[in-house]
Structures are given as structure tokens and as C-alpha cells.
file start24.csv (CSV, C-alpha atoms)
chain,number,residue,atom,x,y,z
A,27,MET,CA,67.4,-158.5,-56.6
A,28,THR,CA,70.0,-156.4,-54.8
A,29,SER,CA,73.7,-156.8,-54.4
A,30,THR,CA,76.5,-155.1,-52.5
A,31,SER,CA,78.8,-152.7,-54.2
A,32,ALA,CA,82.0,-151.0,-53.3
A,33,ALA,CA,83.9,-147.8,-54.1
A,34,ILE,CA,87.5,-148.1,-55.3
A,35,GLU,CA,90.3,-145.6,-55.2
A,36,ALA,CA,93.7,-146.1,-56.8
A,37,VAL,CA,96.3,-143.7,-55.5
A,38,SER,CA,99.5,-143.1,-57.6
A,39,ILE,CA,99.6,-146.8,-58.6
A,40,GLY,CA,102.9,-147.8,-60.3
A,41,LYS,CA,104.0,-151.2,-61.5
A,42,ASP,CA,107.4,-152.2,-62.8
A,43,PHE,CA,108.5,-155.4,-64.4
A,44,GLY,CA,112.3,-155.2,-64.2
A,45,ASN,CA,113.3,-152.0,-66.1
A,46,PHE,CA,109.9,-151.8,-67.8
A,47,THR,CA,107.2,-149.5,-66.3
A,48,ALA,CA,103.8,-151.0,-67.0
A,49,LEU,CA,101.9,-148.4,-64.9
A,50,ASP,CA,103.1,-145.0,-64.1
A,51,ASN,CA,101.4,-143.0,-61.3
A,52,VAL,CA,97.8,-144.0,-62.0
A,53,SER,CA,95.1,-142.4,-59.8
A,54,MET,CA,91.4,-142.7,-60.1
A,55,GLN,CA,88.2,-143.1,-58.1
A,56,ILE,CA,85.4,-145.5,-59.0
A,57,ASP,CA,82.1,-144.9,-57.2
A,58,ALA,CA,80.1,-147.8,-55.8
A,59,GLY,CA,77.7,-149.2,-58.5
A,60,GLU,CA,79.6,-147.6,-61.4
A,61,PHE,CA,80.4,-149.4,-64.7
A,62,VAL,CA,83.9,-148.3,-65.5
A,63,THR,CA,85.8,-149.6,-68.6
A,64,PHE,CA,89.5,-149.6,-69.0
A,65,LEU,CA,90.3,-149.0,-72.7
A,66,GLY,CA,93.5,-148.8,-74.6
A,67,PRO,CA,95.8,-150.5,-77.1
A,68,SER,CA,97.7,-153.7,-76.3
A,69,GLY,CA,100.4,-153.0,-73.7
A,70,SER,CA,98.8,-149.8,-72.4
A,71,GLY,CA,98.5,-151.1,-68.8
A,72,LYS,CA,94.8,-151.6,-68.6
A,73,THR,CA,94.9,-155.4,-67.8
A,74,THR,CA,97.9,-154.8,-65.4
A,75,LEU,CA,95.7,-152.4,-63.4
A,76,LEU,CA,92.8,-154.9,-63.4
A,77,MET,CA,95.1,-157.6,-62.0
A,78,ILE,CA,96.3,-155.3,-59.3
A,79,LEU,CA,92.7,-154.5,-58.4
A,80,ALA,CA,92.0,-158.3,-58.2
A,81,GLY,CA,95.0,-158.9,-56.0
A,82,PHE,CA,96.7,-161.2,-58.6
A,83,GLU,CA,99.5,-158.6,-59.1
A,84,ALA,CA,101.2,-156.5,-56.4
A,85,SER,CA,101.8,-152.8,-57.2
A,86,THR,CA,105.3,-151.5,-57.0
A,87,ARG,CA,104.1,-148.1,-55.8
A,88,GLY,CA,101.0,-146.5,-54.6
A,89,ALA,CA,97.9,-147.6,-52.6
A,90,LEU,CA,94.5,-149.2,-53.3
A,91,LEU,CA,91.6,-148.3,-51.1
A,92,VAL,CA,88.2,-150.1,-51.1
A,93,ASP,CA,85.4,-148.2,-49.3
A,94,GLY,CA,88.1,-146.1,-47.7
A,95,PHE,CA,90.1,-149.0,-46.3
A,96,ASP,CA,93.6,-149.8,-47.4
A,97,ARG,CA,93.6,-153.0,-49.4
A,98,THR,CA,97.0,-152.6,-51.1
A,99,ASP,CA,98.5,-155.7,-49.5
A,100,SER,CA,95.4,-157.8,-49.1
A,101,PRO,CA,95.4,-161.1,-51.0
A,102,ALA,CA,92.9,-161.8,-53.7
A,103,GLU,CA,90.8,-164.1,-51.5
A,104,ALA,CA,90.5,-161.4,-48.8
A,105,ARG,CA,89.1,-158.8,-51.2
A,106,GLY,CA,86.2,-161.0,-52.3
A,107,PHE,CA,85.9,-159.5,-55.7
A,108,GLY,CA,84.3,-161.5,-58.6
A,109,MET,CA,86.3,-162.2,-61.7
A,110,VAL,CA,85.2,-163.1,-65.2
A,111,PHE,CA,88.1,-164.3,-67.4
A,112,GLN,CA,88.6,-164.0,-71.1
A,113,GLY,CA,88.6,-167.8,-71.4
A,114,TYR,CA,85.5,-168.4,-69.2
A,115,ALA,CA,87.5,-170.8,-66.9
A,116,LEU,CA,84.5,-173.1,-66.3
A,117,PHE,CA,84.8,-176.6,-64.8
A,118,PRO,CA,84.2,-178.9,-67.8
A,119,HIS,CA,83.1,-181.8,-65.7
A,120,MET,CA,80.5,-179.8,-63.9
A,121,SER,CA,77.0,-178.9,-65.0
A,122,VAL,CA,75.8,-175.3,-65.3
A,123,ALA,CA,74.2,-175.4,-61.9
A,124,ASP,CA,77.3,-176.9,-60.3
A,125,ASN,CA,79.6,-174.3,-61.8
A,126,ILE,CA,77.4,-171.5,-60.5
A,127,ALA,CA,77.1,-173.2,-57.1
A,128,PHE,CA,80.9,-173.8,-56.7
A,129,PRO,CA,81.8,-170.5,-54.9
A,130,LEU,CA,78.8,-170.8,-52.6
A,131,LYS,CA,79.9,-174.3,-51.6
A,132,VAL,CA,83.4,-173.1,-50.9
A,133,GLN,CA,81.8,-170.5,-48.6
A,134,LYS,CA,79.9,-173.4,-47.0
A,135,ARG,CA,76.5,-171.8,-47.5
A,136,PRO,CA,73.4,-173.9,-46.5
A,137,SER,CA,72.2,-176.2,-49.2
A,138,ALA,CA,68.8,-174.6,-49.5
A,139,GLU,CA,70.4,-171.2,-49.9
A,140,ILE,CA,72.7,-172.5,-52.6
A,141,ARG,CA,69.8,-174.0,-54.6
A,142,ALA,CA,67.8,-170.8,-54.3
A,143,ARG,CA,70.7,-168.7,-55.3
A,144,VAL,CA,71.7,-170.9,-58.3
A,145,ALA,CA,68.1,-170.8,-59.6
A,146,GLU,CA,68.0,-167.0,-59.2
A,147,MET,CA,71.3,-166.6,-61.1
A,148,ILE,CA,70.3,-169.0,-63.9
A,149,ASP,CA,67.1,-166.9,-64.4
A,150,LEU,CA,69.1,-163.7,-64.2
A,151,VAL,CA,71.4,-164.7,-67.1
A,152,GLY,CA,68.6,-166.3,-69.2
A,153,LEU,CA,69.7,-169.9,-69.0
A,154,SER,CA,66.5,-171.5,-67.8
A,155,GLY,CA,66.4,-175.1,-69.1
A,156,HIS,CA,70.2,-175.4,-69.3
A,157,ALA,CA,71.0,-176.1,-65.6
A,158,HIS,CA,71.9,-179.8,-66.2
A,159,LYS,CA,74.2,-179.2,-69.2
A,160,LYS,CA,77.9,-179.4,-69.2
A,161,PRO,CA,79.9,-176.4,-70.7
A,162,SER,CA,80.7,-178.5,-73.8
A,163,GLY,CA,77.0,-178.6,-74.6
A,164,LEU,CA,76.7,-174.8,-74.6
A,165,SER,CA,77.4,-172.1,-77.1
A,166,GLY,CA,80.2,-169.5,-76.5
A,167,GLY,CA,77.6,-166.9,-75.4
A,168,GLN,CA,76.0,-169.4,-73.0
A,169,GLN,CA,79.3,-170.3,-71.5
A,170,GLN,CA,80.0,-166.6,-70.9
A,171,ARG,CA,76.6,-166.3,-69.2
A,172,VAL,CA,77.5,-169.2,-66.9
A,173,ALA,CA,80.9,-167.5,-66.0
A,174,LEU,CA,79.1,-164.2,-65.3
A,175,ALA,CA,76.5,-166.0,-63.1
A,176,ARG,CA,79.2,-167.9,-61.2
A,177,ALA,CA,81.1,-164.6,-60.5
A,178,LEU,CA,77.9,-162.8,-59.3
A,179,ALA,CA,76.5,-165.7,-57.3
A,180,TYR,CA,78.1,-164.9,-54.0
A,181,GLU,CA,77.3,-161.2,-54.3
A,182,PRO,CA,80.8,-159.7,-54.6
A,183,PRO,CA,81.1,-156.0,-54.0
A,184,VAL,CA,83.1,-155.6,-57.3
A,185,LEU,CA,83.1,-157.6,-60.5
A,186,LEU,CA,86.2,-157.5,-62.6
A,187,LEU,CA,85.9,-158.5,-66.3
A,188,ASP,CA,88.9,-159.2,-68.4
A,189,GLU,CA,87.9,-158.9,-72.1
A,190,PRO,CA,85.1,-161.4,-71.6
A,191,PHE,CA,83.6,-161.0,-75.1
A,192,SER,CA,86.8,-161.3,-77.1
A,193,ALA,CA,86.1,-164.9,-78.3
A,194,LEU,CA,82.6,-164.1,-79.5
A,195,ASP,CA,81.5,-163.1,-83.0
A,196,LYS,CA,80.1,-159.6,-83.7
A,197,ASN,CA,76.4,-160.4,-83.4
A,198,LEU,CA,76.9,-162.4,-80.2
A,199,ARG,CA,79.0,-159.6,-78.7
A,200,GLY,CA,76.2,-157.2,-79.3
A,201,GLN,CA,73.7,-159.5,-77.6
A,202,MET,CA,76.0,-160.0,-74.6
A,203,GLN,CA,76.5,-156.2,-74.3
A,204,ASP,CA,72.8,-155.8,-74.0
A,205,GLU,CA,72.7,-158.5,-71.4
A,206,MET,CA,75.6,-157.0,-69.5
A,207,ARG,CA,73.8,-153.6,-69.3
A,208,ARG,CA,70.7,-155.2,-68.0
A,209,ILE,CA,72.5,-157.3,-65.4
A,210,HIS,CA,74.5,-154.4,-64.2
A,211,ALA,CA,71.4,-152.3,-63.8
A,212,GLN,CA,69.6,-155.1,-62.0
A,213,MET,CA,72.4,-156.0,-59.6
A,214,GLY,CA,73.9,-152.6,-58.8
A,215,THR,CA,77.4,-154.2,-58.4
A,216,THR,CA,80.5,-152.1,-59.2
A,217,PHE,CA,81.7,-153.4,-62.6
A,218,VAL,CA,85.3,-152.8,-63.8
A,219,PHE,CA,85.6,-154.0,-67.4
A,220,VAL,CA,88.7,-154.3,-69.7
A,221,THR,CA,88.4,-154.1,-73.5
A,222,HIS,CA,90.2,-152.9,-76.5
A,223,ASP,CA,87.0,-152.5,-78.4
A,224,GLN,CA,86.0,-148.8,-78.6
A,225,SER,CA,82.4,-149.3,-79.5
A,226,GLU,CA,82.0,-151.8,-76.7
A,227,ALA,CA,83.4,-149.3,-74.2
A,228,LEU,CA,81.0,-146.5,-75.4
A,229,ALA,CA,78.0,-148.8,-75.3
A,230,LEU,CA,78.5,-150.2,-71.8
A,231,SER,CA,80.2,-147.7,-69.5
A,232,SER,CA,79.2,-145.0,-67.1
A,233,ARG,CA,82.8,-143.8,-67.5
A,234,ILE,CA,85.8,-144.8,-69.6
A,235,ALA,CA,89.4,-144.8,-68.5
A,236,ILE,CA,91.8,-144.5,-71.5
A,237,PHE,CA,95.4,-145.7,-71.1
A,238,ASP,CA,98.5,-145.4,-73.2
A,239,HIS,CA,102.0,-146.6,-72.3
A,240,GLY,CA,101.1,-147.1,-68.7
A,241,THR,CA,99.6,-143.7,-68.1
A,242,LEU,CA,95.9,-142.7,-67.6
A,243,GLN,CA,95.1,-140.3,-70.4
A,244,GLN,CA,91.5,-139.5,-69.5
A,245,ILE,CA,88.6,-140.8,-67.4
A,246,ALA,CA,85.2,-139.4,-68.2
A,247,THR,CA,81.8,-140.3,-69.5
A,248,PRO,CA,81.6,-141.8,-72.9
A,249,SER,CA,80.2,-138.6,-74.4
A,250,ASN,CA,83.0,-136.5,-72.9
A,251,VAL,CA,85.9,-138.7,-74.0
A,252,TYR,CA,84.5,-138.9,-77.5
A,253,GLU,CA,83.3,-135.3,-77.9
A,254,ARG,CA,85.9,-133.6,-75.7
A,255,PRO,CA,89.0,-135.7,-75.6
A,256,ALA,CA,91.8,-134.6,-73.3
A,257,ASN,CA,94.5,-134.9,-75.9
A,258,ARG,CA,95.2,-136.0,-79.5
A,259,PHE,CA,95.9,-139.6,-78.5
A,260,VAL,CA,92.4,-140.0,-77.0
A,261,ALA,CA,90.8,-138.3,-80.0
A,262,GLU,CA,92.6,-140.6,-82.5
A,263,PHE,CA,92.2,-143.8,-80.5
A,264,LEU,CA,88.4,-143.4,-79.9
A,265,GLY,CA,86.8,-143.5,-83.3
A,266,ASP,CA,87.7,-141.8,-86.6
A,267,ILE,CA,88.9,-138.2,-86.6
A,268,ASN,CA,90.3,-135.8,-89.2
A,269,VAL,CA,93.3,-133.8,-88.0
A,270,PHE,CA,94.5,-130.7,-89.9
A,271,PRO,CA,97.7,-128.6,-89.4
A,272,ALA,CA,96.5,-125.1,-88.5
A,273,ARG,CA,97.7,-121.7,-87.6
A,274,PHE,CA,95.8,-119.9,-84.8
A,275,ASP,CA,95.5,-116.2,-83.9
A,276,ALA,CA,92.9,-114.1,-82.1
A,277,GLY,CA,90.2,-116.7,-82.0
A,278,THR,CA,90.7,-117.8,-85.6
A,279,ALA,CA,92.0,-121.0,-87.1
A,280,HIS,CA,93.7,-120.8,-90.5
A,281,LEU,CA,93.6,-124.1,-92.5
A,282,ASP,CA,95.5,-123.1,-95.6
A,283,ALA,CA,93.5,-120.2,-97.0
A,284,THR,CA,90.3,-121.2,-95.1
A,285,ARG,CA,89.5,-119.1,-92.0
A,286,ILE,CA,87.4,-120.6,-89.2
A,287,ASP,CA,86.3,-118.4,-86.3
A,288,LEU,CA,86.3,-120.4,-83.2
A,289,PRO,CA,83.9,-120.0,-80.2
A,290,MET,CA,86.3,-121.7,-77.7
A,291,PRO,CA,89.6,-120.6,-76.2
A,292,ILE,CA,92.7,-121.6,-78.1
A,293,PRO,CA,95.3,-123.3,-75.9
A,294,THR,CA,98.8,-121.9,-76.0
A,295,GLY,CA,101.0,-123.7,-78.5
A,296,ALA,CA,98.1,-125.2,-80.4
A,297,THR,CA,99.1,-126.6,-83.8
A,298,HIS,CA,96.2,-128.7,-85.1
A,299,LEU,CA,92.5,-128.6,-85.5
A,300,ALA,CA,90.5,-131.8,-85.5
A,301,VAL,CA,86.9,-132.8,-86.6
A,302,ARG,CA,84.9,-136.0,-86.2
A,303,PRO,CA,83.8,-137.2,-89.7
A,304,GLU,CA,80.1,-137.3,-88.7
A,305,ASN,CA,80.2,-133.6,-88.0
A,306,MET,CA,81.3,-132.7,-91.5
A,307,THR,CA,78.9,-131.9,-94.4
A,308,LEU,CA,79.6,-131.8,-98.1
A,309,LEU,CA,79.1,-128.7,-100.3
A,310,ALA,CA,79.0,-128.5,-104.0
A,311,ALA,CA,80.2,-124.9,-104.0
A,312,GLU,CA,82.5,-122.7,-102.1
A,313,ALA,CA,81.2,-121.1,-98.8
A,314,PRO,CA,82.7,-119.2,-95.9
A,315,GLY,CA,84.6,-121.6,-93.6
A,316,ALA,CA,84.5,-124.5,-96.1
A,317,LEU,CA,87.6,-126.4,-97.0
A,318,PRO,CA,88.3,-127.2,-100.7
A,319,CYS,CA,89.0,-130.9,-101.3
A,320,ARG,CA,89.3,-133.5,-104.0
A,321,VAL,CA,87.5,-136.8,-103.9
A,322,VAL,CA,90.1,-139.6,-104.0
A,323,ASP,CA,87.9,-142.6,-103.5
A,324,ARG,CA,84.3,-143.6,-102.7
A,325,VAL,CA,83.6,-146.9,-100.9
A,326,TYR,CA,80.0,-148.3,-100.8
A,327,MET,CA,79.1,-149.7,-97.4
A,328,GLY,CA,75.4,-150.2,-97.8
A,329,ALA,CA,73.4,-147.5,-95.9
A,330,THR,CA,76.5,-145.3,-95.9
A,331,SER,CA,79.3,-144.6,-98.3
A,332,ARG,CA,82.8,-143.7,-97.1
A,333,LEU,CA,84.5,-140.9,-98.9
A,334,HIS,CA,88.3,-140.5,-99.0
A,335,LEU,CA,89.1,-136.8,-99.7
A,336,GLN,CA,92.3,-134.8,-99.8
A,337,ALA,CA,92.6,-131.1,-98.9
A,338,LEU,CA,93.7,-129.3,-102.0
A,339,ALA,CA,96.4,-127.1,-100.4
A,340,SER,CA,97.8,-129.1,-97.5
A,341,GLN,CA,97.2,-132.6,-99.1
A,342,THR,CA,95.8,-133.7,-95.7
A,343,SER,CA,93.8,-136.9,-96.0
A,344,ILE,CA,90.1,-136.7,-94.9
A,345,VAL,CA,87.6,-139.5,-94.3
A,346,LEU,CA,83.9,-138.8,-94.2
A,347,ASP,CA,80.9,-141.2,-94.0
A,348,HIS,CA,77.7,-140.0,-95.8
A,349,PRO,CA,74.3,-141.6,-96.2
A,350,THR,CA,74.3,-143.3,-99.6
A,351,ALA,CA,70.8,-142.3,-100.5
A,352,SER,CA,71.6,-138.6,-100.2
A,353,LEU,CA,75.1,-138.6,-101.6
A,354,PRO,CA,75.5,-135.7,-104.0
A,355,ALA,CA,76.3,-136.6,-107.6
A,356,ILE,CA,79.4,-134.5,-107.4
A,357,ALA,CA,81.0,-136.9,-104.9
A,358,GLU,CA,82.9,-138.8,-107.6
A,359,PRO,CA,86.6,-139.6,-107.6
A,360,GLY,CA,88.6,-136.8,-109.1
A,361,ARG,CA,85.9,-134.1,-108.6
A,362,GLU,CA,86.5,-131.0,-106.4
A,363,ILE,CA,84.1,-130.6,-103.4
A,364,TRP,CA,84.0,-128.6,-100.2
A,365,VAL,CA,83.6,-129.8,-96.6
A,366,HIS,CA,82.1,-127.7,-93.9
A,367,TRP,CA,81.4,-128.1,-90.2
A,368,ALA,CA,80.1,-126.0,-87.3
A,369,PRO,CA,83.1,-124.3,-85.6
A,370,SER,CA,81.8,-125.4,-82.2
A,371,VAL,CA,82.6,-129.0,-82.9
A,372,SER,CA,86.2,-128.3,-83.7
A,373,LEU,CA,88.9,-129.8,-81.4
A,374,ILE,CA,92.1,-128.0,-80.8
A,375,PHE,CA,95.4,-129.8,-80.0
call {"tool": "encode", "arguments": {"input": "start24.csv", "output": "C-alpha cells"}}
result
Amino acid sequence: MTSTSAAIEAVSIGKDFGNFTALDNVSMQIDAGEFVTFLGPSGSGKTTLLMILAGFEASTRGALLVDGFDRTDSPAEARGFGMVFQGYALFPHMSVADNIAFPLKVQKRPSAEIRARVAEMIDLVGLSGHAHKKPSGLSGGQQQRVALARALAYEPPVLLLDEPFSALDKNLRGQMQDEMRRIHAQMGTTFVFVTHDQSEALALSSRIAIFDHGTLQQIATPSNVYERPANRFVAEFLGDINVFPARFDAGTAHLDATRIDLPMPIPTGATHLAVRPENMTLLAAEAPGALPCRVVDRVYMGATSRLHLQALASQTSIVLDHPTASLPAIAEPGREIWVHWAPSVSLIF
């Protein structure tokens, strides 16, 4: 199965609601066939930008190009983008087949073509045997599959998805993420996805755009935004991270009395060093570059245990997940322990 796809370019997009700036000078390029996720906290501007892409909101400033053509002022129906809403928006009185066929009938496609396309889409989303059912007879995950099939049925160049899995439970979300990856790979359509779920963004995306207070903080591959965040906001928003006040000079970070020789350049004005918890190891004895800590609490989480530590000198709180089976006996509340990490995984802010 093949589908059309389109490239999108946002050029200095701004959006004001009265005196409130929801988007401020946002520019990005989305290549044809990409899966780009807009990620950020509530009120960060990610959904506003999605609505501008869809044509449901007009931008206050800037331009929107689709395959190089200016579509800034084009109405939603002229853009021809597909849309999957948070609440599914299925017609309750129509069967699965009729819901999927609806946009094709609006386009006045031939009946034989509609039947073939509906059957193809039902097979694509794994709903064979459910074509005759009404939405009320389907589970939440099945309803979401119908909404996805309907949006893809007429082969839109871009599919916009507004937090489509937010109403699903954790296990079902995981299943739908697997289905979404498969469908995107099979269709080749440009997907633009909005979520506030960090793990979902990491699992699905070819690139992630992270927003805060209406500004684009970083757009990059999942591995780059996680391992090399552009700033402290991105680092702290995307997963757990430990941030230490530090003094820097001549390629060395000083964390209290601990010296860490760094292999990367130190930006001017740097004040903090950060480390992801999974990059830290526990030591029972002092070693060069290791930070002395006290165990505050230990939380059993099954395969892993979460340790809450406190740096002895700075009193900085530290969180660290460790496999329960290999947790050292010294990792008991009240005991002194050392944490160590490879200098190359340090992040400097």
C-alpha cells in the first residue's frame, strides 16, 4: 500500500490570543514521510501549532508552506490533511465501514472504489470482522483504530494526531503505539503527533519537537533530545535527571570536593552539571571522580529499586534506579555510598 506524503515548513509562526502569546516565532521543517511529535507541558503551544497546521486556527504572524507552496491562508478543507482527534469523533449511528467510507463518499468516489478502500483500511488497522459494528460495540482501542482508518482512507498527504491515546489505559496505549509505528511504516504518510507523554514520543517519533511557553526549545531525533538536550528545560522535561551545582575551570568540573575531568568543551557561564540516573553506578568505597552520598530511601519497584540519595556536601537530591537483584547490601537508608559515572555522559548547563 502506498500513500502520498508532504513536506511542511513553518516560518516564524506566531499566535496571539489577546495579550497572551501562545506561539512565539516558531520555525521548523518536517520532511515528507516523517513522524514528528510535538511534546511539551500543558499550555506550551504544541496543540496550537497543530491547529494552525490543520487550518482550524489562523496564525497571527509567519507563514506555512506545504511542498514549497504558501498555505498560510488556505482553509482546512483546501489543505486536505487528515485529522485524528482526542475523542475519536466517530459517527455513533454509523457502522465501522460507514464511518471509514464517509470521507470517500463526500469526495464522491465510485462505489466500487469506496468498497475496496474500506476493506483495505479495515485490514490495515486489524478490524476484520468488525465492519458491521457501531462504535458503541467497540472497545476504546478499536474505536481509535476506526478513527485512524477513516483519517487515512482518502490518502491525505499529512495526518495530524491530537493526543489520540490519552483516553486509553497503559497496556492499550502500548499496543496502539506498536500499531501506529506499523501503519506509518506501511503508509509512508507524513505524521504530526501531539502528546504530553515523554515515553510515547520517544517510542514513536523520527524527530521530537519540544515546546515550552510558546517557544520551540529543540527539535531532533529521540536519542539526541534525550542524550544531548539543548538546555536544562529539555533535559528535565524528558525523563529523570540529576542536576548538581558545579564550578568549572580548565576542563574540570568541581562538585564540592569531587573533581571530574570533562572531555567536552565547557560553555561560558556554565553553572550546573547533570547526569541521567541510568548512567550512574554505585560504589561501596571512595574512588576518583566519585561523589559521596547518603542513602535517604529505597523503593522496591520489582525488577528495579529506586534509590533516593543526598550528596553529603551540597545536600543535592539524587535519584538512581538499580536492578534489584544486584543491589549492593550497603544501599540501605542511612548508609554512606558513592556514585560514579563516565565523564563523557555529563551534561553542562
call {"tool": "residues_around", "arguments": {"input": "start24.csv", "residues": "Asp275 of chain A", "least_positions_apart": "6", "cutoff": "12 Å", "atoms": "only C-alpha atoms", "output": "ChimeraX atom specification"}}
result
/A:281,285-288,291-297
call {"tool": "atom_distance", "arguments": {"input": "start24.csv", "atom1": "atom CA of Ile236 of chain A", "atom2": "atom CA of Thr74 of chain A"}}
result
13.4 Å
call {"tool": "residues_around", "arguments": {"input": "start24.csv", "residues": "His156 of chain A", "least_positions_apart": "6", "cutoff": "10 Å", "atoms": "all atoms listed in the file", "output": "list in words"}}
result
Ser121, Val122, Ala123, Ile148, Gly163, Leu164, Gln168 and Val172 of chain A
call {"tool": "closest_residue", "arguments": {"input": "start24.csv", "among": "A:Thr284, A:Asp93, A:Leu194, A:Ser340", "to": "Pro314 of chain A", "atoms": "all atoms listed in the file"}}
result
A:Thr284
call {"tool": "closest_residue", "arguments": {"input": "start24.csv", "among": "A:Gln169, A:Thr221, A:Asn197, A:Gln55", "to": "Pro67 of chain A", "atoms": "only C-alpha atoms"}}
result
A:Thr221
call {"tool": "residues_around", "arguments": {"input": "start24.csv", "residues": "Leu65 of chain A", "least_positions_apart": "4", "cutoff": "8 Å", "atoms": "only C-alpha atoms", "output": "list of chain:residue names"}}
result
A:Lys72, A:Val220, A:Thr221, A:His222, A:Asp223, A:Gln224, A:Ala227, A:Ile234, A:Ala235, A:Ile236, A:Phe237
call {"tool": "closest_residue", "arguments": {"input": "start24.csv", "among": "A:Gly88, A:Gly81, A:Pro183, A:Pro129", "to": "Asp50 of chain A", "atoms": "only C-alpha atoms"}}
result
A:Gly88
call {"tool": "atom_distance", "arguments": {"input": "start24.csv", "atom1": "atom CA of Leu186 of chain A", "atom2": "atom CA of Ala142 of chain A"}}
result
24.2 Å
call {"tool": "closest_atom_pairs", "arguments": {"input": "start24.csv", "of": "segment 55-156 of chain A", "to": "segment 238-256 of chain A", "cutoff": "12 Å", "atoms": "only C-alpha atoms", "output": "JSON lines"}}
result
{"residue": "A:Gln55", "atom": "CA", "partner": "A:Ile245", "partner_atom": "CA", "distance": 9.6}
{"residue": "A:Ile56", "atom": "CA", "partner": "A:Ile245", "partner_atom": "CA", "distance": 10.1}
{"residue": "A:Glu60", "atom": "CA", "partner": "A:Thr247", "partner_atom": "CA", "distance": 11.1}
{"residue": "A:Phe61", "atom": "CA", "partner": "A:Thr247", "partner_atom": "CA", "distance": 10.4}
{"residue": "A:Val62", "atom": "CA", "partner": "A:Ile245", "partner_atom": "CA", "distance": 9.1}
{"residue": "A:Thr63", "atom": "CA", "partner": "A:Ile245", "partner_atom": "CA", "distance": 9.3}
{"residue": "A:Phe64", "atom": "CA", "partner": "A:Ile245", "partner_atom": "CA", "distance": 9.0}
{"residue": "A:Leu65", "atom": "CA", "partner": "A:Asp238", "partner_atom": "CA", "distance": 9.0}
{"residue": "A:Gly66", "atom": "CA", "partner": "A:Asp238", "partner_atom": "CA", "distance": 6.2}
{"residue": "A:Pro67", "atom": "CA", "partner": "A:Asp238", "partner_atom": "CA", "distance": 7.0}
{"residue": "A:Ser68", "atom": "CA", "partner": "A:Asp238", "partner_atom": "CA", "distance": 8.9}
{"residue": "A:Gly69", "atom": "CA", "partner": "A:His239", "partner_atom": "CA", "distance": 6.7}
{"residue": "A:Ser70", "atom": "CA", "partner": "A:Asp238", "partner_atom": "CA", "distance": 4.5}
{"residue": "A:Gly71", "atom": "CA", "partner": "A:Gly240", "partner_atom": "CA", "distance": 4.8}
{"residue": "A:Lys72", "atom": "CA", "partner": "A:Gly240", "partner_atom": "CA", "distance": 7.7}
{"residue": "A:Thr73", "atom": "CA", "partner": "A:Gly240", "partner_atom": "CA", "distance": 10.4}
{"residue": "A:Thr74", "atom": "CA", "partner": "A:Gly240", "partner_atom": "CA", "distance": 9.0}
{"residue": "A:Leu75", "atom": "CA", "partner": "A:Gly240", "partner_atom": "CA", "distance": 9.2}
call {"tool": "closest_residue", "arguments": {"input": "start24.csv", "among": "A:His334, A:Arg273, A:Lys159, A:Lys41", "to": "Arg87 of chain A", "atoms": "only C-alpha atoms"}}
result
A:Lys41
call {"tool": "atom_distance", "arguments": {"input": "start24.csv", "atom1": "atom CA of Ser231 of chain A", "atom2": "atom CA of Phe217 of chain A"}}
result
9.1 Å
call {"tool": "decode", "arguments": {"input": "start24.csv", "residues": "segment 205-218 of chain A", "atoms": "N, CA, C and O atoms", "output": "mmCIF file, in the first residue's frame"}}
result
data_model
loop_
_atom_site.group_PDB
_atom_site.id
_atom_site.type_symbol
_atom_site.label_atom_id
_atom_site.label_comp_id
_atom_site.auth_asym_id
_atom_site.auth_seq_id
_atom_site.Cartn_x
_atom_site.Cartn_y
_atom_site.Cartn_z
ATOM 1 N N GLU A 205 0.951 -0.400 16.835
ATOM 2 C CA GLU A 205 0.149 -0.325 15.616
ATOM 3 C C GLU A 205 0.463 0.952 14.829
ATOM 4 O O GLU A 205 0.550 0.932 13.595
ATOM 5 N N MET A 206 0.645 2.062 15.552
ATOM 6 C CA MET A 206 0.918 3.331 14.886
ATOM 7 C C MET A 206 2.252 3.283 14.139
ATOM 8 O O MET A 206 2.359 3.767 13.002
ATOM 9 N N ARG A 207 3.257 2.694 14.754
ATOM 10 C CA ARG A 207 4.551 2.556 14.071
ATOM 11 C C ARG A 207 4.411 1.707 12.808
ATOM 12 O O ARG A 207 4.963 2.043 11.756
ATOM 13 N N ARG A 208 3.672 0.611 12.927
ATOM 14 C CA ARG A 208 3.495 -0.274 11.772
ATOM 15 C C ARG A 208 2.757 0.435 10.648
ATOM 16 O O ARG A 208 3.154 0.355 9.470
ATOM 17 N N ILE A 209 1.672 1.135 10.992
ATOM 18 C CA ILE A 209 0.864 1.802 9.975
ATOM 19 C C ILE A 209 1.646 2.928 9.310
ATOM 20 O O ILE A 209 1.595 3.101 8.084
ATOM 21 N N HIS A 210 2.402 3.679 10.096
ATOM 22 C CA HIS A 210 3.204 4.749 9.499
ATOM 23 C C HIS A 210 4.226 4.184 8.528
ATOM 24 O O HIS A 210 4.416 4.707 7.421
ATOM 25 N N ALA A 211 4.898 3.105 8.925
ATOM 26 C CA ALA A 211 5.884 2.498 8.041
ATOM 27 C C ALA A 211 5.244 1.977 6.761
ATOM 28 O O ALA A 211 5.825 2.065 5.675
ATOM 29 N N GLN A 212 4.027 1.465 6.874
ATOM 30 C CA GLN A 212 3.347 0.877 5.715
ATOM 31 C C GLN A 212 2.793 1.954 4.788
ATOM 32 O O GLN A 212 2.842 1.820 3.565
ATOM 33 N N MET A 213 2.275 3.038 5.372
ATOM 34 C CA MET A 213 1.626 4.079 4.563
ATOM 35 C C MET A 213 2.608 5.094 3.995
ATOM 36 O O MET A 213 2.434 5.574 2.877
ATOM 37 N N GLY A 214 3.608 5.480 4.786
ATOM 38 C CA GLY A 214 4.562 6.489 4.328
ATOM 39 C C GLY A 214 4.043 7.905 4.382
ATOM 40 O O GLY A 214 4.691 8.837 3.877
ATOM 41 N N THR A 215 2.867 8.100 4.993
ATOM 42 C CA THR A 215 2.282 9.440 5.123
ATOM 43 C C THR A 215 3.062 10.249 6.160
ATOM 44 O O THR A 215 3.616 9.699 7.101
ATOM 45 N N THR A 216 3.104 11.555 5.980
ATOM 46 C CA THR A 216 3.702 12.438 6.983
ATOM 47 C C THR A 216 2.795 12.489 8.209
ATOM 48 O O THR A 216 1.624 12.858 8.098
ATOM 49 N N PHE A 217 3.323 12.101 9.367
ATOM 50 C CA PHE A 217 2.559 12.114 10.612
ATOM 51 C C PHE A 217 3.070 13.245 11.500
ATOM 52 O O PHE A 217 4.285 13.381 11.699
ATOM 53 N N VAL A 218 2.131 14.033 12.036
ATOM 54 C CA VAL A 218 2.456 15.031 13.057
ATOM 55 C C VAL A 218 1.579 14.726 14.263
ATOM 56 O O VAL A 218 0.354 14.755 14.173
#
